[in-house]
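Below: the structure, in structure tokens.
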Amino acid sequence: MSDTMQALVYTAPREGTQLREIAQPEAGPGEVILQVAAVGVCGTDVHVWQGGHNLTNRVVLGHEFGGIVAAVGPGVEDVQVGERVVSETAAVVCGTCIYCRSGQYNVCPRRKGFGFAIDGGMANFVRTRPAILHRVPLHVPMAHAALTEPACVAYNAVIEKSRPRPGDHAVVIGPGPIGLLCAAMLRLCGPARITMIGLRSDAHRLELARRMGADEIIVADEEDAVARVRAASDGFGADLVVDAVGIAATLNQSLDLVRPNGQITKIGWGPEPIGFSLDRLVAKAATLQGSFSHTYTTWERVLSLMGTGQLDVSPLVTLYPLEEWHAGFEAMEHLEIPKAVLLPNGPTLANAP
Ligand SMILES: [Zn+2]
Ligand SMILES: [Zn+2]
């Protein structure tokens, strides 16, 4: 009989998600077992728990995790037991499609993610694979390294997809963790101005926007965001709008905010039909692009930025023991904090206070 461990197991929304005693994963050929030091709660974890994803399979939640290598299976040579690593989210990719073969496996059609189709990191141990592991720089606490994943989402959207130029006026809509990290990425690019747009209900998270790099904050249900953004520059609007919300209303607002020849990068999801014309996109000759996930080089760059101190994610982090996961999920649901980080094996392993 194998050893057991604690894991946050989803079988159904709300009461169907609980801490359970389940079998510890073992390392098969080409596999790596991590003792999880820290695992971030993503907005999508909260959404799955609320029933918003209509997930019907049983799965251990969590795709933003790092830990200590506890075991390696036969054939694993480039990772050693005891190393501090973070794991990417693409638990399974096909390895043979054109996207996998060209290193763009984030859009592999057969990609399966941790915490959705494959058991994730909200547990004492998790099974992953060496090709998606990255060493964590010495002085970066694991409790911060757990935010590498959302930081990579922001890096891909802002740096790789959008290519902002020094002197740009950039607008971020949505002060969730991804929006706040987008502000931090933009700050590294020498912008003229970073504007963060949120709602009155975002008050707690908007307080962090300045610490993450925003120059000004607009509360869109109290003031005219479009008029303020236009007035802040030459009257034409923003060079770059990052939509970290994604619903029809924010895409509509993005089309008003963007200047002619400007860019809109959409990271947030919005499953409902948009219900308005995209003629403003044509008339402004603006670029609208999606951005999804990240790949190996994104992770290496973000970890370098954390290692040198140029990216500080600490303002976003609120720590909870795994046993108190429910409090963390609720605090995020009520928009009290941008990100709960769960510590499945206690504060010492996470280098957390
Ligand atoms: Zn996530
Ligand atoms: Zn593939």
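Residue names in the structure tokens use chain letters A, B, ... in the order shown, residue numbers from 1 in each chain, and ligand numbers from 1 in the order shown.
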Next on the checklist: Just want the 9 Å neighbourhood of stretch 60-69 of chain A, counted on only C-alpha atoms, with same-chain residues fewer than 6 positions away dropped. Output as a ChimeraX atom specification.
Outcome noted: /A:7-11,32-42,45,48,79-90,113-116,118-123,125,136,142-143,145-150,349-350
Contacts of A:Thr297 at 12 Å (only C-alpha atoms; same-chain gap of 3+ positions) as a ChimeraX atom specification: /A:88,103-106,131-134,152,155-156,160,294,300-304
Throw together the list of residues within 6 Å of ligand 2, counting only C-alpha atoms and all ligand atoms, and drop it here as a PDB file with C-alpha atoms, in the first residue's frame.
```pdb
ATOM      1  CA  VAL A  93       1.361  17.993 -24.575  1.00  0.00           C
ATOM      2  CA  CYS A  94       1.478  15.750 -27.628  1.00  0.00           C
ATOM      3  CA  GLY A  95       5.095  16.485 -28.558  1.00  0.00           C
ATOM      4  CA  THR A  96       4.475  15.848 -32.236  1.00  0.00           C
ATOM      5  CA  CYS A  97       2.187  18.624 -33.557  1.00  0.00           C
ATOM      6  CA  TYR A  99       3.309  23.786 -32.272  1.00  0.00           C
ATOM      7  CA  CYS A 100       5.052  21.313 -29.974  1.00  0.00           C
ATOM      8  CA  TYR A 105       3.378  23.997 -26.924  1.00  0.00           C
ATOM      9  CA  CYS A 108      -0.849  22.399 -28.628  1.00  0.00           C
ATOM     10  CA  ARG A 110      -3.822  18.172 -27.064  1.00  0.00           C
TER      11      ARG A 110
END
```
Using only C-alpha atoms, find each residue in stretch 268-330 of chain A having at least one atom no more than 10 Å away from stretch 182-189 of chain A; report its shortest atom-to-atom pair and that distance in Å (one decimal), rows by chain then rising number, as a Markdown table.
```
| residue | atom | partner | partner_atom | distance |
| --- | --- | --- | --- | --- |
| A:Val302 | CA | A:Met185 | CA | 9.7 |
| A:Leu305 | CA | A:Leu188 | CA | 9.8 |
| A:Gln310 | CA | A:Leu188 | CA | 8.0 |
| A:Leu311 | CA | A:Ala184 | CA | 7.1 |
| A:Asp312 | CA | A:Ala184 | CA | 8.4 |
| A:Val313 | CA | A:Ala184 | CA | 8.8 |
```
Preceding selection exported with all heavy atoms as a CSV table (one decimal), in the first residue's frame:
```csv
chain,number,residue,atom,x,y,z
A,302,VAL,N,11.2,35.4,-16.6
A,302,VAL,CA,10.5,35.9,-15.4
A,302,VAL,C,11.3,35.5,-14.1
A,302,VAL,O,11.4,36.3,-13.2
A,302,VAL,CB,9.1,35.3,-15.4
A,302,VAL,CG1,8.5,35.5,-14.0
A,302,VAL,CG2,8.2,36.0,-16.4
A,305,LEU,N,14.1,37.9,-13.7
A,305,LEU,CA,13.6,39.2,-13.2
A,305,LEU,C,13.4,39.1,-11.7
A,305,LEU,O,13.6,40.0,-11.0
A,305,LEU,CB,12.3,39.6,-13.9
A,305,LEU,CG,12.5,40.0,-15.4
A,305,LEU,CD1,11.2,40.2,-16.1
A,305,LEU,CD2,13.3,41.3,-15.5
A,310,GLN,N,14.2,42.8,-10.0
A,310,GLN,CA,13.5,43.8,-10.9
A,310,GLN,C,12.0,43.5,-10.9
A,310,GLN,O,11.2,44.4,-11.2
A,310,GLN,CB,14.0,43.7,-12.3
A,310,GLN,CG,15.4,44.2,-12.4
A,310,GLN,CD,16.0,44.0,-13.8
A,310,GLN,OE1,15.9,44.9,-14.6
A,310,GLN,NE2,16.6,42.9,-14.0
A,311,LEU,N,11.6,42.3,-10.6
A,311,LEU,CA,10.2,42.0,-10.4
A,311,LEU,C,9.9,41.5,-9.0
A,311,LEU,O,10.5,40.5,-8.6
A,311,LEU,CB,9.8,40.9,-11.4
A,311,LEU,CG,8.3,40.4,-11.2
A,311,LEU,CD1,7.3,41.5,-11.6
A,311,LEU,CD2,8.1,39.2,-12.1
A,312,ASP,N,9.1,42.3,-8.3
A,312,ASP,CA,8.8,42.0,-6.9
A,312,ASP,C,7.3,41.7,-6.8
A,312,ASP,O,6.5,42.6,-6.9
A,312,ASP,CB,9.2,43.2,-6.0
A,312,ASP,CG,8.8,42.9,-4.5
A,312,ASP,OD1,8.5,41.7,-4.2
A,312,ASP,OD2,8.8,43.9,-3.7
A,313,VAL,N,7.0,40.4,-6.6
A,313,VAL,CA,5.6,40.0,-6.5
A,313,VAL,C,5.0,40.0,-5.1
A,313,VAL,O,3.9,39.7,-4.9
A,313,VAL,CB,5.4,38.6,-7.1
A,313,VAL,CG1,5.8,38.6,-8.6
A,313,VAL,CG2,6.1,37.5,-6.4
```
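Each of A:Gly190, A:Gly237, A:Pro13, A:Gly328 was checked against A:His53 using only C-alpha atoms; the smallest atom-to-atom distance is that of A:Pro13.
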